[in-house]
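Below is the file input_28.csv, which contains CSV, N, CA and C atoms.
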chain,number,residue,atom,x,y,z
O,1166,MET,N,92.7,175.7,86.3
O,1166,MET,CA,91.8,174.7,85.8
O,1166,MET,C,92.0,174.4,84.4
O,1167,ARG,N,92.4,175.4,83.6
O,1167,ARG,CA,92.7,175.2,82.2
O,1167,ARG,C,93.9,174.3,82.0
O,1168,THR,N,94.9,174.3,82.8
O,1168,THR,CA,96.0,173.5,82.7
O,1168,THR,C,95.7,172.0,82.9
O,1169,LYS,N,94.8,171.8,83.9
O,1169,LYS,CA,94.4,170.4,84.2
O,1169,LYS,C,93.6,169.8,83.0
O,1170,ALA,N,92.7,170.6,82.4
O,1170,ALA,CA,91.9,170.2,81.3
O,1170,ALA,C,92.8,169.9,80.1
O,1171,SER,N,93.8,170.7,79.9
O,1171,SER,CA,94.8,170.5,78.8
O,1171,SER,C,95.6,169.2,79.0
O,1172,PHE,N,96.0,169.0,80.2
O,1172,PHE,CA,96.7,167.8,80.6
O,1172,PHE,C,95.9,166.6,80.3
O,1173,LEU,N,94.6,166.6,80.8
O,1173,LEU,CA,93.7,165.4,80.6
O,1173,LEU,C,93.5,165.2,79.1
O,1174,LEU,N,93.3,166.2,78.3
O,1174,LEU,CA,93.1,166.1,76.9
O,1174,LEU,C,94.3,165.5,76.2
O,1175,LEU,N,95.5,166.0,76.6
O,1175,LEU,CA,96.8,165.4,76.1
O,1175,LEU,C,96.9,163.9,76.4
O,1176,ALA,N,96.7,163.6,77.7
O,1176,ALA,CA,96.8,162.2,78.2
O,1176,ALA,C,95.8,161.3,77.4
O,1177,THR,N,94.6,161.8,77.2
O,1177,THR,CA,93.6,161.0,76.4
O,1177,THR,C,94.1,160.8,75.0
O,1178,LEU,N,94.6,161.8,74.4
O,1178,LEU,CA,95.2,161.7,73.0
O,1178,LEU,C,96.3,160.6,72.9
O,1179,ILE,N,97.2,160.7,73.9
O,1179,ILE,CA,98.3,159.8,73.9
O,1179,ILE,C,97.8,158.3,74.1
O,1180,VAL,N,96.9,158.1,75.0
O,1180,VAL,CA,96.4,156.7,75.2
O,1180,VAL,C,95.6,156.3,73.9
O,1181,SER,N,94.9,157.1,73.3
O,1181,SER,CA,94.2,156.8,72.1
O,1181,SER,C,95.1,156.4,71.0
O,1182,MET,N,96.2,157.2,70.8
O,1182,MET,CA,97.2,156.9,69.8
O,1182,MET,C,97.9,155.5,70.0
O,1183,ALA,N,98.2,155.3,71.3
O,1183,ALA,CA,98.8,154.0,71.7
O,1183,ALA,C,97.9,152.8,71.3
O,1184,CYS,N,96.6,153.0,71.6
O,1184,CYS,CA,95.6,151.9,71.2
O,1184,CYS,C,95.5,151.7,69.7
O,1185,VAL,N,95.5,152.8,69.0
O,1185,VAL,CA,95.5,152.7,67.5
O,1185,VAL,C,96.7,152.0,67.0
O,1186,LEU,N,97.9,152.4,67.5
O,1186,LEU,CA,99.1,151.7,67.1
O,1186,LEU,C,99.2,150.3,67.4
O,1187,PHE,N,98.7,149.9,68.6
O,1187,PHE,CA,98.7,148.5,69.0
O,1187,PHE,C,97.8,147.7,68.1
O,1188,ALA,N,96.6,148.2,67.8
O,1188,ALA,CA,95.7,147.5,66.9
O,1188,ALA,C,96.3,147.3,65.5
O,1189,ALA,N,97.0,148.4,65.0
O,1189,ALA,CA,97.6,148.3,63.7
O,1189,ALA,C,98.7,147.2,63.7
O,1190,GLU,N,99.5,147.2,64.8
O,1190,GLU,CA,100.5,146.2,64.9
O,1190,GLU,C,99.9,144.7,64.9
O,1191,GLU,N,98.9,144.5,65.6
O,1191,GLU,CA,98.2,143.2,65.6
O,1191,GLU,C,97.7,142.8,64.2
O,1192,GLU,N,97.1,143.8,63.5
O,1192,GLU,CA,96.7,143.5,62.1
O,1192,GLU,C,97.8,143.2,61.2
O,1193,THR,N,98.9,143.9,61.3
O,1193,THR,CA,100.1,143.7,60.5
O,1193,THR,C,100.6,142.3,60.7
O,1194,GLN,N,100.7,141.8,62.0
O,1194,GLN,CA,101.1,140.5,62.3
O,1194,GLN,C,100.2,139.4,61.7
O,1195,LYS,N,98.9,139.7,61.7
O,1195,LYS,CA,98.0,138.7,61.1
O,1195,LYS,C,98.2,138.6,59.6
O,1196,LEU,N,98.4,139.8,59.0
O,1196,LEU,CA,98.6,139.8,57.5
O,1196,LEU,C,100.0,139.2,57.1
O,1197,ALA,N,100.9,139.3,58.0
O,1197,ALA,CA,102.3,138.8,57.7
O,1197,ALA,C,102.5,137.4,58.1
O,1198,SER,N,101.4,136.6,57.9
O,1198,SER,CA,101.5,135.2,58.2
O,1198,SER,C,101.1,134.3,57.0
O,1199,GLN,N,101.6,133.1,57.0
O,1199,GLN,CA,101.2,132.2,56.0
O,1199,GLN,C,100.6,130.9,56.6
O,1200,GLU,N,99.8,130.2,55.8
O,1200,GLU,CA,99.2,129.0,56.3
O,1200,GLU,C,99.5,127.9,55.3
O,1201,VAL,N,99.9,126.7,55.9
O,1201,VAL,CA,100.1,125.6,55.0
O,1201,VAL,C,99.3,124.4,55.6
O,1202,SER,N,98.9,123.5,54.7
O,1202,SER,CA,98.2,122.3,55.2
O,1202,SER,C,98.8,121.1,54.6
O,1203,GLY,N,98.8,120.0,55.3
O,1203,GLY,CA,99.4,118.8,54.8
O,1203,GLY,C,99.3,117.7,55.8
O,1204,THR,N,100.1,116.7,55.7
O,1204,THR,CA,100.1,115.5,56.6
O,1204,THR,C,101.5,115.4,57.3
O,1205,ILE,N,101.4,115.2,58.6
O,1205,ILE,CA,102.7,115.0,59.4
O,1205,ILE,C,103.4,113.8,58.9
O,1206,LYS,N,104.6,114.0,58.4
O,1206,LYS,CA,105.4,112.9,58.0
O,1206,LYS,C,106.3,112.4,59.1
O,1207,GLU,N,106.8,113.3,59.9
O,1207,GLU,CA,107.7,113.0,61.0
O,1207,GLU,C,107.6,114.0,62.1
O,1208,VAL,N,107.7,113.5,63.4
O,1208,VAL,CA,107.7,114.3,64.6
O,1208,VAL,C,109.0,114.0,65.3
O,1209,SER,N,109.8,115.1,65.4
O,1209,SER,CA,111.1,115.0,66.1
O,1209,SER,C,110.9,115.8,67.4
O,1210,ILE,N,110.6,115.0,68.5
O,1210,ILE,CA,110.2,115.7,69.8
O,1210,ILE,C,111.5,116.3,70.4
O,1211,ASN,N,112.6,115.6,70.3
O,1211,ASN,CA,113.8,116.2,71.0
O,1211,ASN,C,114.3,117.5,70.4
O,1212,VAL,N,114.1,117.7,69.1
O,1212,VAL,CA,114.5,119.0,68.5
O,1212,VAL,C,113.3,119.9,68.2
O,1213,ARG,N,112.1,119.4,68.6
O,1213,ARG,CA,110.9,120.2,68.5
O,1213,ARG,C,110.7,120.6,67.0
O,1214,ARG,N,110.6,119.6,66.2
O,1214,ARG,CA,110.5,119.9,64.7
O,1214,ARG,C,109.5,118.9,64.1
O,1215,LEU,N,108.7,119.4,63.1
O,1215,LEU,CA,107.8,118.5,62.4
O,1215,LEU,C,108.2,118.6,60.9
O,1216,THR,N,108.0,117.5,60.2
O,1216,THR,CA,108.2,117.5,58.8
O,1216,THR,C,106.8,117.3,58.2
O,1217,ILE,N,106.3,118.2,57.4
O,1217,ILE,CA,104.9,118.2,56.9
O,1217,ILE,C,105.0,117.9,55.4
O,1218,ALA,N,104.3,116.9,55.0
O,1218,ALA,CA,104.2,116.6,53.5
O,1218,ALA,C,103.1,117.4,53.0
O,1219,LEU,N,103.5,118.4,52.1
O,1219,LEU,CA,102.5,119.3,51.5
O,1219,LEU,C,101.8,118.7,50.3
O,1220,SER,N,102.6,117.9,49.5
O,1220,SER,CA,102.2,117.2,48.3
O,1220,SER,C,103.1,116.0,48.2
O,1221,GLU,N,102.9,115.3,47.0
O,1221,GLU,CA,103.8,114.1,46.8
O,1221,GLU,C,105.3,114.5,46.9
O,1222,ARG,N,105.6,115.6,46.4
O,1222,ARG,CA,107.1,116.0,46.2
O,1222,ARG,C,107.5,117.1,47.1
O,1223,GLN,N,106.6,117.7,47.8
O,1223,GLN,CA,107.0,118.9,48.6
O,1223,GLN,C,106.8,118.6,50.1
O,1224,GLU,N,107.8,119.1,50.9
O,1224,GLU,CA,107.8,119.0,52.3
O,1224,GLU,C,108.1,120.4,52.9
O,1225,LYS,N,107.6,120.6,54.2
O,1225,LYS,CA,108.0,121.8,54.9
O,1225,LYS,C,108.4,121.3,56.3
O,1226,ILE,N,109.6,121.8,56.7
O,1226,ILE,CA,110.0,121.6,58.1
O,1226,ILE,C,109.6,122.7,58.9
O,1227,VAL,N,108.9,122.4,60.1
O,1227,VAL,CA,108.3,123.4,60.9
O,1227,VAL,C,108.9,123.3,62.3
O,1228,CYS,N,109.4,124.4,62.9
O,1228,CYS,CA,109.9,124.4,64.3
O,1228,CYS,C,108.7,124.6,65.2
O,1229,VAL,N,108.7,123.8,66.3
O,1229,VAL,CA,107.6,123.9,67.3
O,1229,VAL,C,108.2,124.6,68.5
O,1230,GLU,N,107.9,125.9,68.7
O,1230,GLU,CA,108.4,126.7,69.8
O,1230,GLU,C,107.6,126.4,71.1
O,1231,PRO,N,108.2,126.7,72.2
O,1231,PRO,CA,107.4,126.5,73.5
O,1231,PRO,C,106.0,127.3,73.4
O,1232,GLU,N,106.0,128.5,72.7
O,1232,GLU,CA,104.8,129.3,72.7
O,1232,GLU,C,103.9,128.9,71.5
O,1233,THR,N,104.3,127.9,70.7
O,1233,THR,CA,103.4,127.4,69.6
O,1233,THR,C,102.1,126.8,70.2
O,1234,LYS,N,101.0,127.2,69.7
O,1234,LYS,CA,99.7,126.7,70.2
O,1234,LYS,C,99.4,125.4,69.3
O,1235,ILE,N,99.2,124.3,70.0
O,1235,ILE,CA,98.8,123.1,69.3
O,1235,ILE,C,97.4,122.7,69.7
O,1236,ILE,N,96.5,122.4,68.7
O,1236,ILE,CA,95.1,122.1,68.9
O,1236,ILE,C,94.8,120.8,68.3
O,1237,ILE,N,94.3,119.8,69.1
O,1237,ILE,CA,93.8,118.5,68.7
O,1237,ILE,C,92.4,118.3,69.2
O,1238,ASN,N,91.5,118.0,68.3
O,1238,ASN,CA,90.1,117.8,68.7
O,1238,ASN,C,89.5,119.0,69.5
O,1239,GLY,N,89.9,120.2,69.2
O,1239,GLY,CA,89.4,121.4,69.8
O,1239,GLY,C,90.0,121.7,71.2
O,1240,ARG,N,91.0,121.0,71.6
O,1240,ARG,CA,91.7,121.3,72.9
O,1240,ARG,C,93.2,121.5,72.7
O,1241,GLU,N,93.7,122.2,73.7
O,1241,GLU,CA,95.2,122.4,73.6
O,1241,GLU,C,95.9,121.1,73.8
O,1242,ALA,N,97.0,120.9,73.1
O,1242,ALA,CA,97.8,119.7,73.2
O,1242,ALA,C,99.3,120.0,73.2
O,1243,THR,N,100.1,118.9,73.3
O,1243,THR,CA,101.5,119.1,73.3
O,1243,THR,C,102.1,118.4,72.1
O,1244,ILE,N,103.4,118.7,71.8
O,1244,ILE,CA,104.1,118.1,70.7
O,1244,ILE,C,104.1,116.6,70.8
O,1245,GLU,N,104.1,116.1,72.0
O,1245,GLU,CA,104.2,114.6,72.2
O,1245,GLU,C,102.9,113.9,71.7
O,1246,GLU,N,101.8,114.7,71.5
O,1246,GLU,CA,100.5,114.1,71.1
O,1246,GLU,C,100.4,114.1,69.6
O,1247,LEU,N,101.3,114.8,68.9
O,1247,LEU,CA,101.3,114.8,67.4
O,1247,LEU,C,101.9,113.5,66.9
O,1248,LYS,N,101.3,113.0,65.8
O,1248,LYS,CA,101.7,111.7,65.3
O,1248,LYS,C,101.8,111.7,63.7
O,1249,SER,N,102.6,110.9,63.2
O,1249,SER,CA,102.8,110.8,61.8
O,1249,SER,C,101.4,110.4,61.2
O,1250,GLY,N,101.1,110.9,60.0
O,1250,GLY,CA,99.8,110.6,59.4
O,1250,GLY,C,98.7,111.5,59.7
O,1251,GLN,N,98.8,112.4,60.7
O,1251,GLN,CA,97.7,113.3,61.0
O,1251,GLN,C,97.7,114.5,60.0
O,1252,ALA,N,96.5,114.8,59.6
O,1252,ALA,CA,96.4,116.0,58.7
O,1252,ALA,C,96.4,117.2,59.6
O,1253,VAL,N,97.2,118.2,59.2
O,1253,VAL,CA,97.4,119.4,60.0
O,1253,VAL,C,97.3,120.7,59.1
O,1254,ARG,N,96.9,121.8,59.8
O,1254,ARG,CA,97.0,123.1,59.3
O,1254,ARG,C,97.9,123.9,60.2
O,1255,VAL,N,98.9,124.5,59.6
O,1255,VAL,CA,100.0,125.2,60.3
O,1255,VAL,C,100.0,126.7,59.9
O,1256,VAL,N,100.0,127.6,60.9
O,1256,VAL,CA,100.1,129.0,60.7
O,1256,VAL,C,101.5,129.4,61.1
O,1257,LEU,N,102.2,130.1,60.2
O,1257,LEU,CA,103.6,130.6,60.5
O,1257,LEU,C,103.8,132.0,60.1
O,1258,PRO,N,104.7,132.7,60.7
O,1258,PRO,CA,105.0,134.1,60.2
O,1258,PRO,C,105.6,133.9,58.8
O,1259,THR,N,105.3,134.9,57.9
O,1259,THR,CA,105.9,134.9,56.6
O,1259,THR,C,107.4,134.8,56.7
O,1260,ASP,N,108.0,134.0,55.9
O,1260,ASP,CA,109.5,133.9,55.8
O,1260,ASP,C,110.1,133.3,57.1
O,1261,SER,N,109.3,132.4,57.8
O,1261,SER,CA,109.8,131.8,59.0
O,1261,SER,C,109.3,130.4,59.0
O,1262,SER,N,110.0,129.5,59.7
O,1262,SER,CA,109.6,128.1,59.9
O,1262,SER,C,109.1,127.9,61.3
O,1263,LYS,N,109.0,129.0,62.1
O,1263,LYS,CA,108.5,128.8,63.5
O,1263,LYS,C,107.0,128.9,63.6
O,1264,ALA,N,106.4,127.8,63.9
O,1264,ALA,CA,104.9,127.7,63.9
O,1264,ALA,C,104.3,128.6,65.0
O,1265,ILE,N,103.2,129.3,64.7
O,1265,ILE,CA,102.4,130.0,65.6
O,1265,ILE,C,101.3,129.1,66.1
O,1266,LEU,N,100.7,128.3,65.2
O,1266,LEU,CA,99.6,127.5,65.5
O,1266,LEU,C,99.7,126.2,64.7
O,1267,ILE,N,99.5,125.0,65.3
O,1267,ILE,CA,99.4,123.7,64.6
O,1267,ILE,C,98.0,123.2,65.0
O,1268,GLU,N,97.2,122.9,64.0
O,1268,GLU,CA,95.9,122.4,64.3
O,1268,GLU,C,95.7,121.1,63.6
O,1269,VAL,N,95.4,120.0,64.3
O,1269,VAL,CA,95.1,118.7,63.7
O,1269,VAL,C,93.7,118.8,63.1
O,1270,LYS,N,93.6,118.5,61.8
O,1270,LYS,CA,92.3,118.5,61.2
O,1270,LYS,C,91.6,117.2,61.5
O,1271,GLN,N,90.3,117.3,61.6
O,1271,GLN,CA,89.4,116.2,61.9
O,1271,GLN,C,89.3,115.3,60.7
O,1272,PRO,N,89.3,114.0,60.8
O,1272,PRO,CA,89.1,113.1,59.6
O,1272,PRO,C,87.7,113.2,59.0
Would you mind writing the file's structure down as structure tokens?
Amino acid sequence: MRTKASFLLLATLIVSMACVLFAAEEETQKLASQEVSGTIKEVSINVRRLTIALSERQEKIVCVEPETKIIINGREATIEELKSGQAVRVVLPTDSSKAILIEVKQP
């Protein structure tokens, strides 16, 4: 009986540690992201790329991956629905141009 209790305790500890590590990984990913806001200057659907005007003289090219979440008016959308002139907020991993989230801002 003692062996069974020891096994259950060990299994519980392993599962608990896995949960803690998973939560820490998620938090690290959240912290390791950047957010930029601007206006869509160009949408290149064929190569799945956006050019975002950040200011008068700065631009950022953003890659739109198949897993990139695009939100327009509170609903999920596609790259084909993005248009030049739309104000957007883009979330990207730090040091990457691959968008995690593209959200069109309401006027």
Just give me the gap between CA of Gly1250 (chain O) and atom C of Ile1217 (chain O) in Å, one decimal is fine.
-> 9.8 Å
By how many Å are CA of Leu1266 (chain O) and atom N of Arg1214 (chain O) apart?
->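 Computed distance, CA of Leu1266 (chain O) to atom N of Arg1214 (chain O), equals 13.6 Å.
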Excluding Ser1262 (chain O) and residues on its chain fewer than 2 positions from it, collect all residues at most 6 Å away from it, counting all atoms listed in the file, and give them as number ranges by chain.
-> O: 1226-1228, 1260, 1264
Extract, using all atoms listed in the file, all DNA, RNA and protein residues at most 8 Å from region 1230-1236 of chain O, discarding same-chain residues fewer than 6 positions from it, and format them as number ranges by chain.
-> O: 1213-1214, 1242-1244, 1262-1270
One decimal, Å: what's the distance from atom C of Asn1211 (chain O) over to atom N of Ser1249 (chain O), could you say?
->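 Rounded to one decimal, the two atoms are 15.2 Å apart.
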Of the candidates O:Ala1197, O:Gln1271, O:Ala1218, O:Val1212, which shows the shortest atom-to-atom distance to Asn1238 (chain O), using only N, CA and C atoms?
->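 Going through O:Ala1197, O:Gln1271, O:Ala1218, O:Val1212 one by one, the smallest distance to Asn1238 (chain O) is for O:Gln1271.
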Could you give me, as a list in words, the residues that sit within 8 Å of (101.3, 136.1, 54.2) in the file's coordinates, counting all atoms listed in the file?
-> Lys1195, Leu1196, Ala1197, Ser1198, Gln1199, Glu1200, Leu1257, Pro1258, Thr1259 and Asp1260 of chain O
Can you tell me, as JSON, numbers by chain, what residues are no more than 6 Å from Val1253 (chain O) when counting only N, CA and C atoms, ignoring any on the same chain fewer than 2 positions away?
-> {"O": [1201, 1202, 1203, 1204, 1205, 1251, 1255, 1268, 1269, 1270]}
